[in-house]
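> Sending over coords15.tsv (TSV, C-alpha atoms).
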```tsv
chain	number	residue	atom	x	y	z
A	19	MET	CA	-84.29	-97.50	-54.47
A	20	ARG	CA	-81.49	-97.18	-51.95
A	21	LYS	CA	-81.26	-100.11	-49.57
A	22	LEU	CA	-81.80	-99.18	-45.95
A	23	ALA	CA	-79.15	-100.18	-43.45
A	24	HIS	CA	-80.09	-102.13	-40.34
A	25	ILE	CA	-78.32	-101.52	-37.08
A	26	LEU	CA	-77.97	-104.68	-35.03
A	27	VAL	CA	-77.02	-104.81	-31.41
A	28	ILE	CA	-76.23	-108.18	-29.81
A	29	LEU	CA	-75.71	-108.30	-26.08
A	30	GLU	CA	-73.98	-110.46	-23.53
A	31	LEU	CA	-75.42	-110.75	-20.04
A	32	THR	CA	-73.63	-109.90	-16.82
A	33	LEU	CA	-75.11	-109.40	-13.37
A	34	ILE	CA	-75.13	-105.77	-12.22
A	35	ALA	CA	-76.17	-103.44	-9.48
A	36	SER	CA	-75.40	-99.77	-9.18
A	37	ALA	CA	-74.74	-97.54	-6.22
A	38	THR	CA	-72.45	-94.65	-7.13
A	39	THR	CA	-71.94	-91.08	-5.97
A	40	PRO	CA	-73.37	-88.54	-8.48
A	41	VAL	CA	-71.06	-85.64	-9.38
A	42	THR	CA	-71.07	-82.72	-11.83
A	43	VAL	CA	-68.30	-82.14	-14.36
A	44	GLU	CA	-66.89	-79.36	-12.17
A	45	GLN	CA	-66.86	-81.64	-9.14
A	46	LEU	CA	-65.09	-84.30	-11.21
A	47	ASN	CA	-62.40	-81.75	-12.09
A	48	LEU	CA	-61.77	-81.17	-8.39
A	49	ILE	CA	-61.70	-84.91	-7.66
A	50	VAL	CA	-59.16	-85.58	-10.42
A	51	ALA	CA	-57.02	-82.72	-9.09
A	52	SER	CA	-57.12	-84.30	-5.61
A	53	ILE	CA	-55.94	-87.64	-7.04
A	54	ASP	CA	-52.47	-86.23	-7.73
A	55	GLY	CA	-49.90	-88.39	-5.98
A	56	LYS	CA	-52.15	-91.43	-5.47
A	57	GLN	CA	-51.41	-94.90	-6.80
A	58	ASP	CA	-53.07	-95.97	-10.05
A	59	ALA	CA	-55.28	-98.65	-8.43
A	60	GLU	CA	-56.41	-96.29	-5.68
A	61	ALA	CA	-57.30	-93.59	-8.22
A	62	ALA	CA	-59.21	-96.12	-10.36
A	63	ARG	CA	-61.18	-97.29	-7.33
A	64	GLN	CA	-62.11	-93.71	-6.42
A	65	LEU	CA	-63.28	-92.85	-9.95
A	66	SER	CA	-65.26	-96.09	-10.25
A	67	ASP	CA	-67.33	-95.00	-7.28
A	68	LEU	CA	-68.71	-91.98	-9.20
A	69	SER	CA	-71.42	-91.28	-11.77
A	70	LEU	CA	-71.76	-88.07	-13.77
A	71	THR	CA	-74.93	-85.99	-13.83
A	72	GLU	CA	-73.75	-84.04	-16.91
A	73	GLN	CA	-72.11	-84.88	-20.21
A	74	LEU	CA	-68.31	-84.91	-20.16
A	75	SER	CA	-67.06	-83.77	-23.57
A	76	SER	CA	-64.30	-85.58	-25.45
A	77	LYS	CA	-62.07	-82.51	-25.11
A	78	LYS	CA	-62.41	-82.44	-21.31
A	79	LEU	CA	-61.97	-86.21	-21.15
A	80	LEU	CA	-58.58	-85.95	-22.86
A	81	TYR	CA	-57.60	-83.12	-20.52
A	82	LEU	CA	-58.48	-85.09	-17.39
A	83	LYS	CA	-56.87	-88.33	-18.63
A	84	ASP	CA	-53.51	-86.59	-18.82
A	85	LYS	CA	-53.74	-85.83	-15.09
A	86	LEU	CA	-54.25	-89.45	-13.99
A	87	PRO	CA	-51.44	-91.69	-12.72
A	88	GLY	CA	-51.93	-94.84	-14.81
A	89	GLU	CA	-53.91	-97.03	-17.19
A	90	LYS	CA	-56.43	-98.39	-14.67
A	91	ALA	CA	-57.46	-94.89	-13.57
A	92	LYS	CA	-57.73	-93.77	-17.19
A	93	GLN	CA	-59.97	-96.74	-18.04
A	94	ALA	CA	-62.21	-95.92	-15.08
A	95	LEU	CA	-62.46	-92.30	-16.25
A	96	VAL	CA	-63.36	-93.39	-19.80
A	97	ALA	CA	-66.17	-95.61	-18.48
A	98	LEU	CA	-67.43	-92.70	-16.39
A	99	ALA	CA	-67.32	-90.31	-19.36
A	100	ASP	CA	-68.92	-92.79	-21.79
A	101	ALA	CA	-71.85	-93.33	-19.44
A	102	SER	CA	-72.50	-89.57	-19.60
A	103	VAL	CA	-72.64	-89.08	-23.40
A	104	PHE	CA	-76.45	-89.15	-23.52
A	105	LEU	CA	-76.84	-86.52	-20.79
A	106	HIS	CA	-77.16	-82.77	-21.32
A	107	PRO	CA	-73.87	-80.84	-21.31
A	108	PRO	CA	-73.09	-78.62	-18.30
A	109	LEU	CA	-74.40	-75.08	-18.42
A	110	ALA	CA	-70.86	-73.82	-18.98
A	111	ASP	CA	-70.82	-75.65	-22.35
A	112	VAL	CA	-74.25	-74.40	-23.43
A	113	LEU	CA	-73.84	-71.06	-25.15
A	114	THR	CA	-76.18	-68.24	-24.13
A	115	LEU	CA	-76.67	-67.11	-27.72
A	116	ALA	CA	-80.17	-66.27	-28.88
A	117	PRO	CA	-81.82	-69.28	-30.56
A	118	PRO	CA	-82.07	-69.07	-34.35
A	119	THR	CA	-85.30	-67.84	-35.85
A	120	GLN	CA	-87.70	-70.32	-37.41
A	121	ASN	CA	-86.42	-69.31	-40.83
A	122	GLU	CA	-82.79	-69.84	-39.77
A	123	GLN	CA	-83.66	-73.20	-38.23
A	124	GLY	CA	-85.36	-74.21	-41.47
A	125	LYS	CA	-82.22	-73.35	-43.44
A	126	MET	CA	-80.03	-75.40	-41.10
A	127	VAL	CA	-82.39	-78.38	-41.35
A	128	SER	CA	-82.21	-78.10	-45.15
A	129	LEU	CA	-78.42	-78.13	-44.89
A	130	ILE	CA	-78.60	-81.34	-42.81
A	131	TYR	CA	-80.75	-83.09	-45.39
A	132	GLU	CA	-78.53	-81.82	-48.20
A	133	TYR	CA	-75.45	-83.11	-46.37
A	134	LEU	CA	-76.99	-86.56	-45.84
A	135	GLU	CA	-78.49	-86.75	-49.33
A	136	LYS	CA	-75.65	-85.32	-51.40
A	137	THR	CA	-72.39	-84.81	-49.52
A	138	ASN	CA	-72.12	-87.88	-47.28
A	139	PRO	CA	-72.88	-90.43	-50.08
A	140	LYS	CA	-69.91	-89.00	-52.02
A	141	LEU	CA	-67.40	-90.17	-49.45
A	142	PRO	CA	-64.57	-92.04	-51.21
A	143	ASN	CA	-63.85	-95.71	-50.61
A	144	PHE	CA	-61.48	-96.05	-47.66
A	145	PHE	CA	-60.58	-98.21	-44.71
A	146	ALA	CA	-59.78	-97.42	-41.08
A	147	SER	CA	-58.74	-99.15	-37.89
A	148	ARG	CA	-61.31	-99.70	-35.13
A	149	LEU	CA	-60.21	-100.16	-31.52
A	150	THR	CA	-62.95	-101.50	-29.23
A	151	VAL	CA	-62.63	-101.56	-25.45
A	152	ARG	CA	-65.41	-103.58	-23.77
A	153	TYR	CA	-66.61	-102.82	-20.26
A	154	LYS	CA	-69.00	-104.76	-18.09
A	155	GLU	CA	-70.17	-104.19	-14.57
A	156	ILE	CA	-68.56	-106.54	-12.10
A	157	VAL	CA	-70.43	-107.97	-9.14
A	158	GLY	CA	-68.19	-108.68	-6.17
A	159	GLN	CA	-64.84	-107.28	-5.11
A	160	LEU	CA	-63.52	-105.10	-7.94
A	161	ASP	CA	-59.79	-105.75	-8.17
A	162	PHE	CA	-57.61	-102.96	-9.56
A	163	GLY	CA	-54.35	-104.75	-8.88
A	164	GLU	CA	-53.87	-104.01	-5.17
A	165	GLN	CA	-54.67	-106.22	-2.22
A	166	ALA	CA	-58.31	-105.69	-1.26
A	167	THR	CA	-58.91	-104.13	2.12
A	168	ALA	CA	-59.97	-106.73	4.66
A	169	GLY	CA	-63.69	-106.62	5.24
A	170	ALA	CA	-64.32	-104.32	2.27
A	171	ALA	CA	-67.88	-104.34	1.00
A	172	ASP	CA	-68.67	-105.81	-2.39
A	173	VAL	CA	-68.79	-103.30	-5.25
A	174	HIS	CA	-70.58	-103.23	-8.60
A	175	ARG	CA	-68.55	-101.17	-11.07
A	176	MET	CA	-67.53	-101.06	-14.74
A	177	LYS	CA	-64.28	-102.81	-15.62
A	178	VAL	CA	-62.48	-103.55	-18.89
A	179	VAL	CA	-63.09	-107.16	-19.92
A	180	GLY	CA	-61.64	-107.18	-23.43
A	181	THR	CA	-60.12	-105.18	-26.28
A	182	ASN	CA	-59.72	-105.83	-29.98
A	183	ARG	CA	-58.60	-103.99	-33.08
A	184	THR	CA	-59.91	-104.68	-36.54
A	185	THR	CA	-59.99	-103.03	-39.97
A	186	ILE	CA	-63.27	-101.47	-41.11
A	187	THR	CA	-63.87	-100.95	-44.82
A	188	TYR	CA	-66.21	-98.32	-46.28
A	189	ARG	CA	-66.96	-99.06	-49.92
A	190	ASN	CA	-69.80	-97.59	-51.98
A	191	GLY	CA	-71.64	-96.51	-48.84
A	192	HIS	CA	-71.46	-99.91	-47.14
A	193	GLU	CA	-69.52	-101.02	-44.09
A	194	SER	CA	-67.68	-104.30	-43.63
A	195	GLU	CA	-65.02	-105.51	-41.25
A	196	ASP	CA	-61.95	-107.70	-41.41
A	197	SER	CA	-62.60	-111.05	-39.77
A	198	ALA	CA	-58.99	-111.23	-38.55
A	199	ALA	CA	-59.31	-109.07	-35.43
A	200	THR	CA	-56.31	-108.69	-33.18
A	201	GLY	CA	-56.03	-108.06	-29.46
A	202	LYS	CA	-57.22	-109.70	-26.28
A	203	ASP	CA	-60.86	-110.05	-27.23
A	204	GLN	CA	-61.10	-111.85	-30.56
A	205	ASN	CA	-64.30	-113.68	-29.51
A	206	ALA	CA	-66.23	-110.53	-28.55
A	207	GLU	CA	-69.08	-111.36	-30.94
A	208	GLU	CA	-69.80	-114.55	-29.04
A	209	ASN	CA	-69.50	-113.13	-25.53
A	210	GLY	CA	-70.03	-109.39	-25.61
A	211	LEU	CA	-71.86	-106.33	-26.86
A	212	VAL	CA	-71.59	-105.98	-30.65
A	213	THR	CA	-72.83	-102.91	-32.50
A	214	LYS	CA	-72.91	-102.92	-36.30
A	215	GLY	CA	-73.52	-99.93	-38.53
A	216	THR	CA	-71.97	-97.10	-36.51
A	217	PHE	CA	-69.12	-96.61	-38.97
A	218	GLY	CA	-71.23	-95.53	-41.91
A	219	PRO	CA	-74.79	-96.88	-42.33
A	220	ILE	CA	-76.18	-95.34	-39.13
A	221	LEU	CA	-76.41	-91.87	-40.71
A	222	ASN	CA	-78.35	-93.14	-43.73
A	223	ALA	CA	-80.61	-95.25	-41.52
A	224	VAL	CA	-81.53	-92.32	-39.28
A	225	TYR	CA	-81.99	-90.03	-42.26
A	226	PHE	CA	-84.36	-92.32	-44.16
A	227	ASP	CA	-86.24	-93.30	-41.00
A	228	ALA	CA	-86.80	-89.65	-40.12
A	229	MET	CA	-87.88	-88.87	-43.69
A	230	ASN	CA	-90.30	-91.82	-43.83
A	231	ALA	CA	-91.78	-90.84	-40.48
A	232	ASN	CA	-92.04	-87.18	-41.51
A	233	SER	CA	-90.13	-86.53	-38.30
A	234	SER	CA	-89.33	-82.85	-37.96
A	235	LEU	CA	-86.07	-81.80	-36.36
A	236	THR	CA	-86.69	-79.47	-33.43
A	237	TRP	CA	-84.25	-76.98	-31.95
A	238	VAL	CA	-82.50	-77.81	-28.67
A	239	ARG	CA	-79.48	-75.56	-28.01
A	240	TRP	CA	-76.24	-73.98	-29.12
A	241	GLU	CA	-73.14	-75.62	-27.68
A	242	GLN	CA	-69.38	-75.36	-27.95
A	243	GLY	CA	-67.90	-78.25	-29.89
A	244	THR	CA	-64.31	-79.38	-30.20
A	245	ALA	CA	-63.83	-77.50	-33.48
A	246	GLY	CA	-66.35	-74.68	-33.08
A	247	LEU	CA	-69.99	-73.75	-32.66
A	248	LEU	CA	-72.57	-76.56	-32.84
A	249	ALA	CA	-76.31	-76.36	-33.41
A	250	THR	CA	-78.19	-79.22	-31.76
A	251	PHE	CA	-81.54	-80.61	-32.94
A	252	GLN	CA	-83.60	-83.52	-31.68
A	253	TYR	CA	-85.62	-86.08	-33.63
A	254	ARG	CA	-87.97	-89.01	-32.99
A	255	VAL	CA	-88.72	-92.12	-35.11
A	256	PRO	CA	-91.73	-94.38	-34.40
A	257	GLU	CA	-91.48	-98.16	-34.63
A	258	ASP	CA	-93.33	-98.42	-37.95
A	259	ALA	CA	-90.71	-96.21	-39.64
A	260	SER	CA	-87.68	-97.62	-37.81
A	261	HIS	CA	-84.79	-99.72	-39.08
A	262	TYR	CA	-83.17	-100.04	-35.67
A	263	ASP	CA	-82.99	-103.70	-34.63
A	264	ILE	CA	-81.89	-104.87	-31.21
A	265	GLY	CA	-80.99	-108.40	-30.20
A	266	TRP	CA	-80.57	-109.79	-26.69
A	267	CYS	CA	-78.96	-113.08	-25.82
A	268	CYS	CA	-80.80	-114.57	-24.27
A	269	THR	CA	-84.30	-115.12	-22.91
A	270	PRO	CA	-85.41	-118.22	-20.96
A	271	ASN	CA	-87.38	-120.92	-22.75
A	272	GLY	CA	-87.91	-123.91	-20.48
A	273	ASN	CA	-84.48	-125.42	-19.86
A	274	GLN	CA	-83.18	-123.74	-23.02
A	275	SER	CA	-82.60	-120.13	-24.00
A	276	SER	CA	-83.29	-118.18	-27.18
A	277	LEU	CA	-82.23	-114.93	-28.83
A	278	PHE	CA	-84.62	-112.01	-28.41
A	279	ARG	CA	-84.89	-109.67	-31.41
A	280	LYS	CA	-87.04	-106.64	-31.95
A	281	ARG	CA	-87.30	-103.58	-34.16
A	282	THR	CA	-87.87	-100.56	-31.98
A	283	ALA	CA	-88.75	-96.88	-32.04
A	284	TYR	CA	-85.98	-94.48	-31.09
A	285	HIS	CA	-85.11	-90.84	-30.57
A	286	GLY	CA	-81.95	-88.80	-30.35
A	287	GLU	CA	-80.02	-85.64	-31.14
A	288	LEU	CA	-77.99	-84.31	-34.08
A	289	ALA	CA	-75.27	-81.77	-33.34
A	290	ILE	CA	-74.27	-80.08	-36.60
A	291	ASP	CA	-71.97	-77.48	-38.06
A	292	PRO	CA	-74.49	-74.68	-38.73
A	293	ALA	CA	-72.48	-73.47	-41.73
A	294	ASN	CA	-72.79	-76.61	-43.85
A	295	GLY	CA	-75.06	-79.10	-42.02
A	296	ALA	CA	-72.25	-81.61	-41.42
A	297	ILE	CA	-73.15	-83.88	-38.51
A	298	GLN	CA	-70.58	-83.76	-35.71
A	299	ARG	CA	-72.39	-85.93	-33.17
A	300	LEU	CA	-75.33	-88.31	-33.37
A	301	THR	CA	-77.16	-89.99	-30.51
A	302	LEU	CA	-79.70	-92.79	-30.85
A	303	GLU	CA	-81.72	-93.98	-27.82
A	304	ALA	CA	-84.15	-96.88	-28.12
A	305	ASP	CA	-87.73	-96.41	-26.91
A	306	LEU	CA	-88.37	-99.72	-25.17
A	307	ASP	CA	-91.43	-101.10	-23.45
A	308	PRO	CA	-90.66	-101.78	-19.75
A	309	THR	CA	-92.02	-105.32	-20.11
A	310	LEU	CA	-89.23	-106.30	-22.52
A	311	PRO	CA	-86.09	-108.12	-21.35
A	312	VAL	CA	-84.04	-105.21	-22.74
A	313	ALA	CA	-84.23	-101.92	-20.83
A	314	ARG	CA	-81.69	-99.86	-22.76
A	315	SER	CA	-79.93	-99.90	-26.14
A	316	ASP	CA	-78.26	-96.58	-26.99
A	317	ILE	CA	-75.55	-95.44	-29.42
A	318	MET	CA	-73.50	-92.25	-29.75
A	319	VAL	CA	-71.22	-91.50	-32.71
A	320	GLU	CA	-68.85	-88.55	-32.85
A	321	TYR	CA	-67.46	-87.27	-36.15
A	322	GLY	CA	-64.43	-85.20	-37.08
A	323	ALA	CA	-62.28	-84.03	-39.98
A	324	VAL	CA	-60.16	-86.78	-41.56
A	325	GLU	CA	-57.74	-86.25	-44.45
A	326	LEU	CA	-58.10	-88.71	-47.33
A	327	GLY	CA	-56.16	-88.25	-50.55
A	328	GLY	CA	-55.28	-84.67	-49.67
A	329	ARG	CA	-58.89	-83.67	-48.94
A	330	ALA	CA	-60.73	-83.29	-45.62
A	331	TYR	CA	-63.82	-85.43	-45.03
A	332	VAL	CA	-66.11	-85.79	-42.01
A	333	CYS	CA	-65.79	-89.36	-40.69
A	334	PRO	CA	-66.47	-91.25	-37.44
A	335	ILE	CA	-63.76	-90.86	-34.81
A	336	LYS	CA	-65.47	-92.26	-31.71
A	337	SER	CA	-68.58	-94.18	-30.71
A	338	VAL	CA	-70.14	-95.40	-27.48
A	339	SER	CA	-72.72	-98.20	-27.13
A	340	ILE	CA	-74.54	-98.87	-23.87
A	341	SER	CA	-77.04	-101.65	-23.29
A	342	ARG	CA	-78.91	-103.02	-20.31
A	343	GLY	CA	-81.13	-106.06	-20.00
A	344	ARG	CA	-82.11	-109.11	-17.98
A	345	SER	CA	-79.78	-111.98	-17.28
A	346	ILE	CA	-80.74	-115.67	-17.08
A	347	GLN	CA	-80.61	-117.85	-14.00
A	348	THR	CA	-80.91	-121.63	-14.06
A	349	PHE	CA	-82.71	-123.62	-11.37
A	350	ASN	CA	-82.09	-127.36	-11.38
A	351	ASN	CA	-82.93	-128.50	-7.83
A	352	GLN	CA	-80.00	-130.92	-8.16
A	353	ASN	CA	-81.94	-132.68	-10.89
A	354	PRO	CA	-81.02	-131.70	-14.48
A	355	ALA	CA	-84.16	-133.36	-15.80
A	356	THR	CA	-86.34	-130.78	-14.03
A	357	SER	CA	-84.08	-127.75	-14.53
A	358	PHE	CA	-85.50	-124.58	-15.97
A	359	LYS	CA	-84.28	-121.09	-16.80
A	360	THR	CA	-85.76	-117.81	-15.58
A	361	LEU	CA	-85.02	-114.08	-15.84
A	362	GLY	CA	-82.37	-112.82	-13.45
A	363	PRO	CA	-81.02	-109.39	-12.46
A	364	TYR	CA	-80.27	-106.65	-14.98
A	365	VAL	CA	-77.00	-106.39	-16.91
A	366	THR	CA	-75.16	-103.30	-18.21
A	367	LEU	CA	-72.54	-103.44	-20.98
A	368	LEU	CA	-70.55	-100.62	-22.55
A	369	ASN	CA	-68.33	-100.43	-25.63
A	370	ASP	CA	-65.85	-97.58	-26.12
A	371	VAL	CA	-64.78	-97.44	-29.78
A	372	ALA	CA	-62.15	-95.29	-31.50
A	373	PHE	CA	-61.60	-95.02	-35.28
A	374	ASP	CA	-58.18	-94.01	-36.62
A	375	GLN	CA	-55.53	-94.82	-39.25
A	376	TYR	CA	-57.76	-93.80	-42.16
A	377	HIS	CA	-56.45	-94.67	-45.65
A	378	LEU	CA	-57.89	-94.09	-49.09
A	379	PHE	CA	-58.43	-97.02	-51.45
A	380	ARG	CA	-56.25	-96.40	-54.49
A	381	SER	CA	-53.53	-98.03	-56.54
A	382	ASP	CA	-50.60	-96.85	-58.61
A	383	VAL	CA	-50.21	-98.16	-62.18
A	384	ARG	CA	-47.08	-97.81	-64.34
A	385	ILE	CA	-47.17	-98.64	-68.06
A	386	LEU	CA	-43.92	-100.04	-69.41
A	387	THR	CA	-43.27	-99.33	-73.09
A	388	GLY	CA	-40.39	-101.76	-73.35
A	389	THR	CA	-37.54	-103.42	-71.51
A	390	ASP	CA	-33.79	-103.22	-71.89
A	391	PRO	CA	-32.16	-106.41	-73.26
A	392	THR	CA	-30.49	-108.57	-70.72
A	393	PRO	CA	-26.70	-107.95	-70.79
```
Would it be possible to restate this file's structure as structure tokens?

Amino acid sequence: MRKLAHILVILELTLIASATTPVTVEQLNLIVASIDGKQDAEAARQLSDLSLTEQLSSKKLLYLKDKLPGEKAKQALVALADASVFLHPPLADVLTLAPPTQNEQGKMVSLIYEYLEKTNPKLPNFFASRLTVRYKEIVGQLDFGEQATAGAADVHRMKVVGTNRTTITYRNGHESEDSAATGKDQNAEENGLVTKGTFGPILNAVYFDAMNANSSLTWVRWEQGTAGLLATFQYRVPEDASHYDIGWCCTPNGNQSSLFRKRTAYHGELAIDPANGAIQRLTLEADLDPTLPVARSDIMVEYGAVELGGRAYVCPIKSVSISRGRSIQTFNNQNPATSFKTLGPYVTLLNDVAFDQYHLFRSDVRILTGTDPTP
């Protein structure tokens, strides 16, 4: 019996508040166009004051990034786009084609199961590079490198707090990572949002969970993907069939704190190539009770064609993880002996992850039949 993968999310806490201006994708296009000629820090500050009401596709994100003046503005745009990946796409991206018949939908669902059961497990052993950019929402004056305006109000916006690059190995259907990460954020596991399983196991976990729950995929829409037409279905997995584990560090326990862990129900969408059932985008959104210290724990993985050993395979190219939960505050009344911890304001964390530099595991062997005598 195939072992089911567990997806573990561990979260760091940071105080947050949110008060942004909602905009559509079209309005964002106009705002980016108006940024032309502005300084990088000024552009970053303007973009950080926005929130999208529609999903910004990866293709449009790349297009808009090229129009921005510098790295700070581009990071602010990425945070804005990543926060939108669980929203519906704009109407302009939803194709007005007639929905497939029930029979056609059934054939596409069969192709999805065939892809997950037969095609995906046959991926070769390979390794890739994973670049993670961590964002957290900053309380106070958000500094983009310019002198703050005197008397400016405090802001609460997403800002890059760390990056790291590590090697991810996919061998016999299992994911592992190199412990020797490089970059500015080598201690992310101790102080940040960590998502495990997005590189490979997440597909198998969702597939087996949906099968065990007898969860039927239901039609949502046609949409235009980066490489062509996509058919989008939605699914739902109850807690008793789930293998999605979340962890939150931490919850108050007297004058100590402890890790909160829970297996949770979840739902999401699968955007597929209707010709072969290959999954191009997967979303997973946790269904959490409002009484829990965790209010949100969501993952998106985007897939694309990658060449390995002269053949094209569908592999992860991008993922986004967003989590939100309660922080901890300590009250000591100037007396450590009577101090205690309690729940504080909510926290939002975001990881933007890119996979690249794919390489196939293989070796070259040469058999020597003899050696020339030494002169």
> What does the distance between CA of Lys359 in chain A and CA of Leu306 in chain A come to in Å, to one decimal place?
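Calculated distance between CA of Lys359 in chain A and CA of Leu306 in chain A is 23.3 Å.
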> Counting all atoms listed in the file, find the residues whose atoms lie at most 8 Å from (-83.5, -82.0, -31.5) (file coordinates) and write them out as a count of residues only.
11
> If I take CA of Lys177 in chain A and CA of Arg342 in chain A, how far is one from the other in Å, to one decimal?
15.4 Å
> Residues within 9 Å of Gly88 in chain A, please, as a VMD selection string. Count all atoms listed in the file; anything in the same chain fewer than 3 positions from it doesn't count.
chain A and resid 57 to 59 61 to 62 91 to 93
> Restricting the calculation to all atoms listed in the file: of A:Thr39, A:Glu89, A:Ala110, A:Leu211, which residue gets closest to Gln73 in chain A?
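Comparing A:Thr39, A:Glu89, A:Ala110, A:Leu211 against Gln73 in chain A, the winner is A:Ala110.
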> Around (-78.6, -90.4, -20.3) in the file's frame, which residues reach within 10 Å when counting only C-alpha atoms? Return as a PyMOL selection string?
chain A and resi 70-73+101-106+303+316
> Can you measure CA of Pro108 in chain A to CA of Asp54 in chain A for me? One decimal in Å is fine.
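These atoms are spaced 24.4 Å apart.
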> Can you work out which one of A:Lys77, A:Lys90, A:Lys85, A:Arg299 has the shortest atom-to-atom distance to Asn47 in chain A, counting only C-alpha atoms?
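Checking each of A:Lys77, A:Lys90, A:Lys85, A:Arg299 against Asn47 in chain A, counting only C-alpha atoms, the winner is A:Lys85.
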> I'd like to know which of A:His377, A:Lys154, A:Arg344, A:Lys56 is closest to Gly362 in chain A, using all atoms listed in the file.
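With all atoms listed in the file as the atom set, the closest residue is A:Arg344.
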> Hey, could you make a per-residue contact list for range 52-143 of chain A against range 289-297 of chain A with 12 Å as the cut-off, showing the nearest pair of atoms and its distance in Å to one decimal, counting only C-alpha atoms, sorted by chain and number, as CSV?

```
residue,atom,partner,partner_atom,distance
A:Pro118,CA,A:Pro292,CA,10.4
A:Glu122,CA,A:Pro292,CA,9.7
A:Gln123,CA,A:Pro292,CA,9.3
A:Gly124,CA,A:Pro292,CA,11.2
A:Lys125,CA,A:Pro292,CA,9.1
A:Met126,CA,A:Pro292,CA,6.1
A:Val127,CA,A:Gly295,CA,7.4
A:Ser128,CA,A:Gly295,CA,7.9
A:Leu129,CA,A:Gly295,CA,4.5
A:Ile130,CA,A:Gly295,CA,4.3
A:Tyr131,CA,A:Gly295,CA,7.7
A:Glu132,CA,A:Gly295,CA,7.6
A:Tyr133,CA,A:Gly295,CA,5.9
A:Leu134,CA,A:Ala296,CA,8.2
A:Glu135,CA,A:Gly295,CA,11.1
A:Lys136,CA,A:Ala296,CA,11.2
A:Thr137,CA,A:Ala296,CA,8.7
A:Asn138,CA,A:Ala296,CA,8.6
```
